[in-house]
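Novice: Could you have a look at this structure, given as structure tokens, before my questions?
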Amino acid sequence: MLTVLQEVCAGAVEIESHTDKYDGTKRMDPNIKEVHVLLGAFADGDYVIPVQLEIKEYKPGAGLDNKLYMTVTLKKQKQGSCYGPR
């Protein structure tokens, strides 16, 4: 994943933006300003591997650095097929 990280980030597009998903619960992080969800991908031969990126943006003055989380699906998608491998 690290070898294609720059490629994945360069081609990623934001698909949603929201506050802390635990807003209103005991697990809520009051320092989170917004969470940006992006979708990217990388090629592996004839397959495309989707990657979800989440960037947690913290409120100014929280004393925390913004954080990047990645989720890589284990299901490769055959290029040119919207249904993936059969």
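Please note that chains go A, B, ... in the order of the structure tokens, that every chain numbers its residues from 1, and that ligands are numbered from 1 in the order shown.
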Env of Leu53 of chain A: 6 Å cut, atoms = only C-alpha atoms, seq-sep filter 2 positions within chain, self excluded. Answer as a VMD selection string.
Specialist: chain A and resid 37 to 38 69 to 70
Novice: Hey, what does DSSP flag as helix (DSSP H, G or I) within chain A? Can you give it to me as a ChimeraX atom specification?
Specialist: /A:2-11
Novice: Hey, can you spit out that residue selection with N, CA, C and O atoms as a short mmCIF file (atom, residue, chain, number, x, y, z; two decimals), in the first residue's frame?
Specialist:
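Full text of part_38.cif as output:
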data_model
loop_
_atom_site.label_atom_id
_atom_site.label_comp_id
_atom_site.auth_asym_id
_atom_site.auth_seq_id
_atom_site.Cartn_x
_atom_site.Cartn_y
_atom_site.Cartn_z
N LEU A 2 1.95 1.22 0.75
CA LEU A 2 2.79 2.41 0.84
C LEU A 2 3.44 2.77 -0.50
O LEU A 2 3.71 3.93 -0.75
N THR A 3 3.66 1.78 -1.35
CA THR A 3 4.29 2.06 -2.65
C THR A 3 3.36 2.81 -3.59
O THR A 3 3.82 3.45 -4.53
N VAL A 4 2.05 2.74 -3.38
CA VAL A 4 1.09 3.42 -4.25
C VAL A 4 0.33 4.53 -3.53
O VAL A 4 -0.61 5.09 -4.08
N LEU A 5 0.73 4.84 -2.31
CA LEU A 5 0.00 5.83 -1.51
C LEU A 5 -0.11 7.18 -2.20
O LEU A 5 -1.19 7.77 -2.23
N GLN A 6 0.97 7.65 -2.79
CA GLN A 6 0.93 8.95 -3.47
C GLN A 6 -0.04 8.93 -4.65
O GLN A 6 -0.82 9.85 -4.84
N GLU A 7 -0.05 7.84 -5.42
CA GLU A 7 -0.97 7.68 -6.55
C GLU A 7 -2.42 7.66 -6.07
O GLU A 7 -3.29 8.30 -6.65
N VAL A 8 -2.68 6.93 -5.00
CA VAL A 8 -4.04 6.82 -4.47
C VAL A 8 -4.53 8.19 -3.99
O VAL A 8 -5.64 8.62 -4.32
N CYS A 9 -3.71 8.90 -3.24
CA CYS A 9 -4.10 10.22 -2.72
C CYS A 9 -4.29 11.24 -3.84
O CYS A 9 -5.22 12.05 -3.78
N ALA A 10 -3.44 11.19 -4.85
CA ALA A 10 -3.54 12.16 -5.96
C ALA A 10 -4.83 11.99 -6.75
O ALA A 10 -5.40 12.97 -7.23
N GLY A 11 -5.32 10.77 -6.85
CA GLY A 11 -6.54 10.52 -7.63
C GLY A 11 -7.81 10.42 -6.81
O GLY A 11 -8.89 10.20 -7.35
#
Novice: Work out how far atom CA of His36 of chain A is from atom CA of Glu57 of chain A, in Å to one decimal.
Specialist: 7.7 Å
Novice: May I have all residues of chain A that DSSP, computed from the backbone, assigns to strand (DSSP E), given as a ChimeraX atom specification?
Specialist: /A:13-18,32-44,47-58,67-72,77-78
Novice: Between A:Asp65, A:Glu14, A:Asp46, A:Glu54, single out the one closest to Asn31 of chain A, counting only C-alpha atoms.
Specialist: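 Selected residue with least distance to Asn31 of chain A: A:Asp65.
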